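Read the structure below first, then the notes.
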Amino acid sequence: MIFPDAIQIADSTIRLATPLLLACLAGLFSERSGVFDIGLEGKMLVAAFFSAAVAAVTGSVWLGLGAGVAAAMAFALIHAVASITFRGDQLISGVAINFLAAGMTVLIAQDWFEQGSRTPALTGAARFAPIRLPGADALSEVPLIGPFYADVLSGHTILVYAGLLAVPATWYILFRTRFGLRLRAVGENPAAVDTAGISVARLRFSAVLICGLLCGLAGAYLATGLAAGFTKDMTAGRGFIALAALIFAKWRPWYALGSCLLFGFLQAVSNRYSTIDLGLFEIPNAFVLALPYILTVVILAGFVGRAVPPRAGGEPYVKER
Amino acid sequence: MQKLPRWADIVLIPAINLVLALVVSGIVVTFIGQDPFAALRIMVNGAVGSTYGWGYTLYYATNFVFTGLAVAVAFHAKLFNIGGEGQAQLGSLGVALVCLALPWPHWSLALLAAILGGAVFGAAWAAIPAYLQAKRGSHIVITTIMFNFIASALLVYLLVDTLKAPGMAPETARFPEGAHLPTAGDILALVGIPFSRTPLNVSFVVGLIACWLVWLLLWRTRLGYEIRAFGQSEPAARYAGISPVRITMLAMVISGALAGLMAVNAVMGEQERLLQDNVLGAGFVGIAVALMGRSHPVGVLIAAILFGALYQGGAELEFETSVPREMVVVIQALVILFTGALDGMVRSPLERAFLRYNRKPVSHAPAE
């Protein structure tokens, strides 16, 4: 039976793509403003922990979400202060944030819950419940589109829909508002923006904080939607896959949706099949898991379409020399 | 103009950064309800209070010397090699293949071959991102990150399939007896000095030689000069006839080879078989070590020993208290943050202070 399999894989593709998508859009804001961020992983991890921890203690997933977002934004603030205010190396700051998150979450988890660096399993109101979209039951009898609507599009948690809506929202903010125009300009030519009398530092701070907010949503979804609680290093490289997706998408919101769905699909496939038998030869699972990274290297190398990062990315802005 | 005296740049700033990192870590320890001074005492005692502690401290330090030198050499060419982890993984593959290839008659032969195997595999893994940076303009940081993940996927694949020994665990067979490196305990027993059973082995000496060779390379050879010139200013180096492609490739290949050598210590010296995760983050510790050691081999050696002590002390801390060993990861993160990203926070006030302090004698000096 191919069709039920396809429905199931499509469903888990959306689930697995959501944290990637939110983190990818987070990186999009930051990098479009000229601040490289390899600390997406760390911010997701710290958000995952605090959302699960606060949800476990209070029993409310919304308070958890708030705590997760706050934690990720606090980490984003460290990155902003280091790389904008003190003009430190953005890449090194990102590395530091990843380690800080990896260490802190385990340390605090052990101190608060003493369950071997995990939070208690979340149940009931401490987790996001799936939302049944209107008409899903009525439509489920219709062939083809029915199961697709009922089982693939419907039945996800609110953060999945938030992630999908964040794509047009990001596109609108970046390409149809004054803030977005300035944000993109500051990532390409900060001196020009400065000459126009607009604060480079303030624009970059807001971009990095938006990045923290979206990473917070990504991490909270991981711990309270996709899983039921925090476990050590639960992001498992998703921050880096999101980074890969961002490059794959050439720093554009709609492309980001596409690349995150593709990478989510690869994860879904490798979760479901241990090897893929193509008759002549078998594709090992490890290869499917490594495919996002390999594809990104290929894209970066410019063999298939060229990915050009924002021109001022990675450079701290010095007003006067 | 030199704003800071040399000693302040080399000693004072790293020291202040380390103290800042330790103070913040102390606050974290207090926050989770432990006494930071007691914790520090346990860590220091555990790391350097016995031959057992020293053995583990220097064993970890050997790993970090190699990965630290790898990052340092790349830093001199202004390349940020974040792929030490993946290069060390490939190095471990090279070392394992060499060790398993022959029934080695003597460890010294096996060691030489393993050094070659680890270095070549590590260098090859660094050469691809280096080529892509030099020729295709793709950012080395991103490609080396991707190559870390590809390396670990490759090892997972090889260890569940091709190289797996019979049995449940995804690991190779044990290396032959002839590939066993003498440990510090074995060697010191020959001259009658008692030393606890630890994984510290002759690779430590290889690490010291590597430090000396890297110093020789960077400050006593033409290539080293070219690497440093390229790192200081690419346009100037280009104008002087230094090929950016050649320097990028060579600096990264040397860097990858050094990272690959880590496996001689960890895989050949300790684990004596190839495991799935054998690097355990040492590639990333190399970043902290290179930053703290100011990318100088002597600094790297000192910083590596310091981090070795932190890792061993952290293990003891976990054993004696309820503080998990991830405490060390927090300290490591703070060291990277303060020495790497927040360097300007300490440096600029210090520069101003030194300028003010130095101005007075200058004003009394006769005009030339």
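Chain labels follow the order of the structure tokens: the first chain is A, the next B, and so on; residue numbering restarts at 1 in every chain, and ligands are counted from 1 in their shown order.
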Got a sec: who's within 9 Å of Ile247 (chain A), counting only C-alpha atoms, leaving out chain neighbours fewer than 5 positions off, as a list in words? Ala242, Arg252, Ala256, Thr296, Ile299, Leu300, Ala307, Val308 and Pro309 of chain A
Resulting file, chosen residues, all heavy atoms, as a compact mmCIF listing (two decimals), in the first residue's frame:
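Wrote it out as selection.txt, contents follow:
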# COMPACT_ATOMS: atom_id res chain seq x y z
N ALA A 242 18.84 23.75 9.89
CA ALA A 242 18.11 24.98 9.56
C ALA A 242 19.05 25.97 8.87
O ALA A 242 18.67 26.65 7.91
CB ALA A 242 17.52 25.61 10.83
N ARG A 252 15.98 33.40 1.27
CA ARG A 252 14.66 33.90 0.85
C ARG A 252 13.56 33.12 1.56
O ARG A 252 13.66 31.89 1.66
CB ARG A 252 14.49 33.74 -0.66
CG ARG A 252 15.34 34.71 -1.42
CD ARG A 252 15.19 34.48 -2.89
NE ARG A 252 16.28 35.13 -3.59
CZ ARG A 252 16.72 34.74 -4.77
NH1 ARG A 252 16.18 33.71 -5.36
NH2 ARG A 252 17.70 35.39 -5.35
N ALA A 256 12.80 29.14 1.66
CA ALA A 256 13.06 28.52 2.96
C ALA A 256 12.00 27.47 3.27
O ALA A 256 12.30 26.39 3.77
CB ALA A 256 13.11 29.57 4.06
N THR A 296 23.78 21.09 0.76
CA THR A 296 24.17 22.46 1.07
C THR A 296 25.58 22.75 0.57
O THR A 296 25.85 23.82 0.03
CB THR A 296 24.08 22.69 2.58
OG1 THR A 296 22.77 22.38 2.99
CG2 THR A 296 24.39 24.12 2.93
N ILE A 299 25.40 23.27 -3.12
CA ILE A 299 24.84 24.59 -3.46
C ILE A 299 25.86 25.69 -3.18
O ILE A 299 26.06 26.60 -3.98
CB ILE A 299 23.56 24.83 -2.62
CG1 ILE A 299 22.39 24.09 -3.26
CG2 ILE A 299 23.24 26.30 -2.50
CD1 ILE A 299 21.82 24.78 -4.46
N LEU A 300 26.52 25.57 -2.01
CA LEU A 300 27.50 26.59 -1.64
C LEU A 300 28.65 26.65 -2.63
O LEU A 300 29.19 27.71 -2.92
CB LEU A 300 28.07 26.28 -0.25
CG LEU A 300 27.46 27.02 0.91
CD1 LEU A 300 28.09 26.56 2.19
CD2 LEU A 300 27.65 28.52 0.76
N ALA A 307 24.63 30.37 -4.22
CA ALA A 307 24.06 31.00 -3.03
C ALA A 307 25.00 32.12 -2.59
O ALA A 307 26.11 31.87 -2.18
CB ALA A 307 23.90 29.97 -1.91
N VAL A 308 24.55 33.35 -2.73
CA VAL A 308 25.38 34.49 -2.34
C VAL A 308 24.83 35.07 -1.04
O VAL A 308 23.70 35.53 -1.00
CB VAL A 308 25.39 35.57 -3.43
CG1 VAL A 308 26.30 36.72 -3.02
CG2 VAL A 308 25.84 34.97 -4.75
N PRO A 309 25.62 35.05 0.01
CA PRO A 309 25.12 35.57 1.30
C PRO A 309 25.04 37.09 1.27
O PRO A 309 25.66 37.74 0.42
CB PRO A 309 26.18 35.11 2.29
CG PRO A 309 27.40 34.89 1.49
CD PRO A 309 26.97 34.51 0.12
Could the residues of chain A within 8 Å of chain B, counting only C-alpha atoms, be given as a PDB file with N, CA, C and O atoms, in the first residue's frame, please?
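part-v8.pdb written:
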ATOM      1  N   ALA A  82      27.606  40.870  22.060  1.00  0.00           N
ATOM      2  CA  ALA A  82      28.965  40.476  21.681  1.00  0.00           C
ATOM      3  C   ALA A  82      29.285  40.931  20.264  1.00  0.00           C
ATOM      4  O   ALA A  82      30.356  41.469  20.005  1.00  0.00           O
ATOM      5  N   SER A  83      28.358  40.725  19.329  1.00  0.00           N
ATOM      6  CA  SER A  83      28.737  40.933  17.938  1.00  0.00           C
ATOM      7  C   SER A  83      28.384  42.324  17.418  1.00  0.00           C
ATOM      8  O   SER A  83      28.975  42.770  16.442  1.00  0.00           O
ATOM      9  N   PHE A  86      30.108  45.030  21.023  1.00  0.00           N
ATOM     10  CA  PHE A  86      31.551  44.905  21.207  1.00  0.00           C
ATOM     11  C   PHE A  86      32.272  44.476  19.938  1.00  0.00           C
ATOM     12  O   PHE A  86      33.467  44.211  19.958  1.00  0.00           O
ATOM     13  N   ARG A  87      31.543  44.375  18.842  1.00  0.00           N
ATOM     14  CA  ARG A  87      32.117  44.052  17.533  1.00  0.00           C
ATOM     15  C   ARG A  87      32.975  42.801  17.575  1.00  0.00           C
ATOM     16  O   ARG A  87      34.028  42.729  16.938  1.00  0.00           O
ATOM     17  N   GLY A  88      32.516  41.822  18.346  1.00  0.00           N
ATOM     18  CA  GLY A  88      33.256  40.569  18.435  1.00  0.00           C
ATOM     19  C   GLY A  88      33.004  39.731  17.195  1.00  0.00           C
ATOM     20  O   GLY A  88      32.223  40.094  16.323  1.00  0.00           O
ATOM     21  N   ASP A  89      33.671  38.596  17.144  1.00  0.00           N
ATOM     22  CA  ASP A  89      33.503  37.700  16.011  1.00  0.00           C
ATOM     23  C   ASP A  89      32.156  36.991  16.135  1.00  0.00           C
ATOM     24  O   ASP A  89      31.891  36.297  17.109  1.00  0.00           O
ATOM     25  N   GLN A  90      31.311  37.159  15.109  1.00  0.00           N
ATOM     26  CA  GLN A  90      29.955  36.607  15.184  1.00  0.00           C
ATOM     27  C   GLN A  90      29.954  35.080  15.193  1.00  0.00           C
ATOM     28  O   GLN A  90      29.107  34.454  15.829  1.00  0.00           O
ATOM     29  N   ILE A  92      32.375  33.073  16.353  1.00  0.00           N
ATOM     30  CA  ILE A  92      32.854  32.570  17.645  1.00  0.00           C
ATOM     31  C   ILE A  92      31.772  32.745  18.708  1.00  0.00           C
ATOM     32  O   ILE A  92      31.541  31.863  19.535  1.00  0.00           O
ATOM     33  N   SER A  93      31.083  33.881  18.655  1.00  0.00           N
ATOM     34  CA  SER A  93      29.992  34.099  19.603  1.00  0.00           C
ATOM     35  C   SER A  93      28.918  33.020  19.438  1.00  0.00           C
ATOM     36  O   SER A  93      28.377  32.505  20.421  1.00  0.00           O
ATOM     37  N   VAL A  95      29.377  29.953  18.360  1.00  0.00           N
ATOM     38  CA  VAL A  95      29.913  28.707  18.928  1.00  0.00           C
ATOM     39  C   VAL A  95      29.741  28.715  20.444  1.00  0.00           C
ATOM     40  O   VAL A  95      29.298  27.739  21.054  1.00  0.00           O
ATOM     41  N   ALA A  96      30.083  29.864  21.050  1.00  0.00           N
ATOM     42  CA  ALA A  96      29.981  29.978  22.510  1.00  0.00           C
ATOM     43  C   ALA A  96      28.534  29.760  22.951  1.00  0.00           C
ATOM     44  O   ALA A  96      28.280  29.064  23.943  1.00  0.00           O
ATOM     45  N   ILE A  97      27.586  30.325  22.215  1.00  0.00           N
ATOM     46  CA  ILE A  97      26.177  30.196  22.598  1.00  0.00           C
ATOM     47  C   ILE A  97      25.713  28.749  22.516  1.00  0.00           C
ATOM     48  O   ILE A  97      24.991  28.263  23.391  1.00  0.00           O
ATOM     49  N   ASN A  98      26.180  28.033  21.509  1.00  0.00           N
ATOM     50  CA  ASN A  98      25.810  26.616  21.411  1.00  0.00           C
ATOM     51  C   ASN A  98      26.306  25.830  22.619  1.00  0.00           C
ATOM     52  O   ASN A  98      25.577  24.998  23.170  1.00  0.00           O
ATOM     53  N   PHE A  99      27.547  26.096  23.026  1.00  0.00           N
ATOM     54  CA  PHE A  99      28.072  25.358  24.179  1.00  0.00           C
ATOM     55  C   PHE A  99      27.391  25.780  25.469  1.00  0.00           C
ATOM     56  O   PHE A  99      27.120  24.955  26.338  1.00  0.00           O
ATOM     57  N   LEU A 100      27.150  27.078  25.574  1.00  0.00           N
ATOM     58  CA  LEU A 100      26.505  27.582  26.783  1.00  0.00           C
ATOM     59  C   LEU A 100      25.154  26.900  26.959  1.00  0.00           C
ATOM     60  O   LEU A 100      24.794  26.462  28.056  1.00  0.00           O
ATOM     61  N   ALA A 101      24.413  26.775  25.870  1.00  0.00           N
ATOM     62  CA  ALA A 101      23.100  26.128  25.938  1.00  0.00           C
ATOM     63  C   ALA A 101      23.241  24.653  26.277  1.00  0.00           C
ATOM     64  O   ALA A 101      22.518  24.126  27.118  1.00  0.00           O
ATOM     65  N   ALA A 102      24.204  23.986  25.613  1.00  0.00           N
ATOM     66  CA  ALA A 102      24.370  22.547  25.851  1.00  0.00           C
ATOM     67  C   ALA A 102      24.708  22.279  27.311  1.00  0.00           C
ATOM     68  O   ALA A 102      24.191  21.335  27.921  1.00  0.00           O
ATOM     69  N   GLY A 103      25.574  23.121  27.893  1.00  0.00           N
ATOM     70  CA  GLY A 103      25.974  22.906  29.278  1.00  0.00           C
ATOM     71  C   GLY A 103      24.900  23.323  30.271  1.00  0.00           C
ATOM     72  O   GLY A 103      24.527  22.564  31.163  1.00  0.00           O
ATOM     73  N   MET A 104      24.387  24.533  30.080  1.00  0.00           N
ATOM     74  CA  MET A 104      23.407  25.098  31.023  1.00  0.00           C
ATOM     75  C   MET A 104      22.155  24.244  31.162  1.00  0.00           C
ATOM     76  O   MET A 104      21.666  24.035  32.263  1.00  0.00           O
ATOM     77  N   VAL A 106      21.631  21.072  30.735  1.00  0.00           N
ATOM     78  CA  VAL A 106      21.848  19.846  31.510  1.00  0.00           C
ATOM     79  C   VAL A 106      22.038  20.173  32.984  1.00  0.00           C
ATOM     80  O   VAL A 106      21.467  19.538  33.868  1.00  0.00           O
ATOM     81  N   LEU A 107      22.829  21.234  33.225  1.00  0.00           N
ATOM     82  CA  LEU A 107      23.120  21.644  34.602  1.00  0.00           C
ATOM     83  C   LEU A 107      21.834  21.987  35.355  1.00  0.00           C
ATOM     84  O   LEU A 107      21.592  21.510  36.465  1.00  0.00           O
ATOM     85  N   ILE A 108      20.994  22.812  34.727  1.00  0.00           N
ATOM     86  CA  ILE A 108      19.781  23.258  35.412  1.00  0.00           C
ATOM     87  C   ILE A 108      18.761  22.120  35.475  1.00  0.00           C
ATOM     88  O   ILE A 108      18.080  21.950  36.491  1.00  0.00           O
ATOM     89  N   GLN A 110      19.350  18.978  35.768  1.00  0.00           N
ATOM     90  CA  GLN A 110      19.768  18.071  36.830  1.00  0.00           C
ATOM     91  C   GLN A 110      19.421  18.663  38.194  1.00  0.00           C
ATOM     92  O   GLN A 110      18.986  17.970  39.100  1.00  0.00           O
ATOM     93  N   ASP A 111      19.596  19.983  38.323  1.00  0.00           N
ATOM     94  CA  ASP A 111      19.352  20.642  39.599  1.00  0.00           C
ATOM     95  C   ASP A 111      17.853  20.716  39.906  1.00  0.00           C
ATOM     96  O   ASP A 111      17.430  20.489  41.037  1.00  0.00           O
ATOM     97  N   PHE A 240      21.645  23.347  12.871  1.00  0.00           N
ATOM     98  CA  PHE A 240      22.584  23.387  11.746  1.00  0.00           C
ATOM     99  C   PHE A 240      21.890  22.992  10.450  1.00  0.00           C
ATOM    100  O   PHE A 240      22.229  23.492   9.377  1.00  0.00           O
ATOM    101  N   ALA A 244      21.641  25.123   7.141  1.00  0.00           N
ATOM    102  CA  ALA A 244      21.832  24.574   5.802  1.00  0.00           C
ATOM    103  C   ALA A 244      20.639  24.931   4.917  1.00  0.00           C
ATOM    104  O   ALA A 244      20.801  25.337   3.764  1.00  0.00           O
ATOM    105  N   PRO A 284      21.845   3.656   2.021  1.00  0.00           N
ATOM    106  CA  PRO A 284      21.873   3.518   3.478  1.00  0.00           C
ATOM    107  C   PRO A 284      21.218   4.721   4.167  1.00  0.00           C
ATOM    108  O   PRO A 284      21.214   5.832   3.637  1.00  0.00           O
ATOM    109  N   ASN A 285      20.687   4.450   5.348  1.00  0.00           N
ATOM    110  CA  ASN A 285      20.004   5.465   6.141  1.00  0.00           C
ATOM    111  C   ASN A 285      20.904   6.662   6.427  1.00  0.00           C
ATOM    112  O   ASN A 285      20.482   7.812   6.358  1.00  0.00           O
ATOM    113  N   ALA A 286      22.165   6.360   6.746  1.00  0.00           N
ATOM    114  CA  ALA A 286      23.098   7.431   7.095  1.00  0.00           C
ATOM    115  C   ALA A 286      23.232   8.427   5.953  1.00  0.00           C
ATOM    116  O   ALA A 286      23.379   9.625   6.167  1.00  0.00           O
ATOM    117  N   PHE A 287      23.145   7.915   4.721  1.00  0.00           N
ATOM    118  CA  PHE A 287      23.275   8.808   3.571  1.00  0.00           C
ATOM    119  C   PHE A 287      22.089   9.766   3.491  1.00  0.00           C
ATOM    120  O   PHE A 287      22.259  10.958   3.239  1.00  0.00           O
ATOM    121  N   LEU A 289      20.338  10.794   5.959  1.00  0.00           N
ATOM    122  CA  LEU A 289      20.488  11.784   7.031  1.00  0.00           C
ATOM    123  C   LEU A 289      21.540  12.832   6.689  1.00  0.00           C
ATOM    124  O   LEU A 289      21.431  13.983   7.092  1.00  0.00           O
ATOM    125  N   ALA A 290      22.563  12.421   5.949  1.00  0.00           N
ATOM    126  CA  ALA A 290      23.645  13.361   5.624  1.00  0.00           C
ATOM    127  C   ALA A 290      23.300  14.204   4.409  1.00  0.00           C
ATOM    128  O   ALA A 290      23.990  15.184   4.129  1.00  0.00           O
ATOM    129  N   TYR A 293      23.217  18.084   4.428  1.00  0.00           N
ATOM    130  CA  TYR A 293      24.536  18.710   4.511  1.00  0.00           C
ATOM    131  C   TYR A 293      25.258  18.636   3.173  1.00  0.00           C
ATOM    132  O   TYR A 293      25.909  19.590   2.746  1.00  0.00           O
ATOM    133  N   ILE A 294      25.123  17.478   2.515  1.00  0.00           N
ATOM    134  CA  ILE A 294      25.800  17.312   1.227  1.00  0.00           C
ATOM    135  C   ILE A 294      25.207  18.285   0.204  1.00  0.00           C
ATOM    136  O   ILE A 294      25.929  18.983  -0.505  1.00  0.00           O
ATOM    137  N   THR A 296      23.780  21.087   0.757  1.00  0.00           N
ATOM    138  CA  THR A 296      24.173  22.456   1.066  1.00  0.00           C
ATOM    139  C   THR A 296      25.579  22.750   0.570  1.00  0.00           C
ATOM    140  O   THR A 296      25.850  23.824   0.034  1.00  0.00           O
ATOM    141  N   VAL A 297      26.480  21.784   0.766  1.00  0.00           N
ATOM    142  CA  VAL A 297      27.851  21.984   0.285  1.00  0.00           C
ATOM    143  C   VAL A 297      27.844  22.164  -1.227  1.00  0.00           C
ATOM    144  O   VAL A 297      28.520  23.047  -1.776  1.00  0.00           O
ATOM    145  N   LEU A 300      26.522  25.573  -2.010  1.00  0.00           N
ATOM    146  CA  LEU A 300      27.502  26.594  -1.637  1.00  0.00           C
ATOM    147  C   LEU A 300      28.646  26.647  -2.634  1.00  0.00           C
ATOM    148  O   LEU A 300      29.192  27.705  -2.918  1.00  0.00           O
ATOM    149  N   ALA A 301      29.001  25.480  -3.148  1.00  0.00           N
ATOM    150  CA  ALA A 301      30.125  25.430  -4.077  1.00  0.00           C
ATOM    151  C   ALA A 301      29.744  26.025  -5.420  1.00  0.00           C
ATOM    152  O   ALA A 301      30.598  26.254  -6.264  1.00  0.00           O
ATOM    153  N   GLY A 302      28.443  26.272  -5.593  1.00  0.00           N
ATOM    154  CA  GLY A 302      28.010  26.928  -6.814  1.00  0.00           C
ATOM    155  C   GLY A 302      27.951  26.014  -8.017  1.00  0.00           C
ATOM    156  O   GLY A 302      27.940  26.465  -9.149  1.00  0.00           O
TER     157      GLY A 302
END
Run DSSP on the backbone and give me the residues of region 103-297 of chain A it puts in helix (DSSP H, G or I), as a PyMOL selection string. chain A and resi 103-113+124-126+136-139+145-153+158-176+178-188+190-195+200-226+238-248+253-272+285-297
Which residue, B:Ala353, B:Leu223, B:Met292, B:Leu280, has the smallest gap to Ala304 (chain B) when you use only C-alpha atoms?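 Smallest separation from Ala304 (chain B) among the options: B:Met292.
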Tell me, as a count of residues only, which residues lie within 10 Å of Ala6 (chain A), counting only C-alpha atoms; anything in the same chain fewer than 5 positions away does not count. 5
Selection near Ala134 (chain B), 9 Å with only C-alpha atoms, sequence-local residues under 5 positions removed, as a list of chain:residue names: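 With the cut-off at 9 Å, the set is B:Pro129, B:Ile140, B:Pro244, B:Val245, B:Arg246, B:Ile247, B:Thr248, B:Met249.
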Output N, CA and C atoms of each residue in that selection to a file, as an mmCIF file, in the first residue's frame.
data_model
loop_
_atom_site.group_PDB
_atom_site.id
_atom_site.type_symbol
_atom_site.label_atom_id
_atom_site.label_comp_id
_atom_site.auth_asym_id
_atom_site.auth_seq_id
_atom_site.Cartn_x
_atom_site.Cartn_y
_atom_site.Cartn_z
ATOM 1 N N PRO B 129 36.728 21.275 1.942
ATOM 2 C CA PRO B 129 36.253 22.628 2.245
ATOM 3 C C PRO B 129 37.271 23.702 1.841
ATOM 4 N N ILE B 140 34.154 28.895 4.417
ATOM 5 C CA ILE B 140 34.815 27.738 5.039
ATOM 6 C C ILE B 140 34.116 27.308 6.325
ATOM 7 N N PRO B 244 46.713 33.029 -2.947
ATOM 8 C CA PRO B 244 45.685 32.762 -1.936
ATOM 9 C C PRO B 244 45.201 31.313 -1.971
ATOM 10 N N VAL B 245 45.082 30.764 -3.176
ATOM 11 C CA VAL B 245 44.600 29.382 -3.293
ATOM 12 C C VAL B 245 45.566 28.428 -2.609
ATOM 13 N N ARG B 246 46.866 28.625 -2.892
ATOM 14 C CA ARG B 246 47.879 27.729 -2.343
ATOM 15 C C ARG B 246 47.901 27.818 -0.812
ATOM 16 N N ILE B 247 47.859 29.051 -0.277
ATOM 17 C CA ILE B 247 47.947 29.218 1.178
ATOM 18 C C ILE B 247 46.692 28.665 1.857
ATOM 19 N N THR B 248 45.520 28.949 1.284
ATOM 20 C CA THR B 248 44.289 28.422 1.872
ATOM 21 C C THR B 248 44.336 26.903 1.924
ATOM 22 N N MET B 249 44.733 26.307 0.797
ATOM 23 C CA MET B 249 44.802 24.842 0.746
ATOM 24 C C MET B 249 45.797 24.308 1.772
#
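Minimum atom-to-atom distances from B:Gly224, B:Gly94, B:Gly207, B:Gly308 to Met268 (chain B) were compared using only C-alpha atoms, and the lowest value belongs to B:Gly94.
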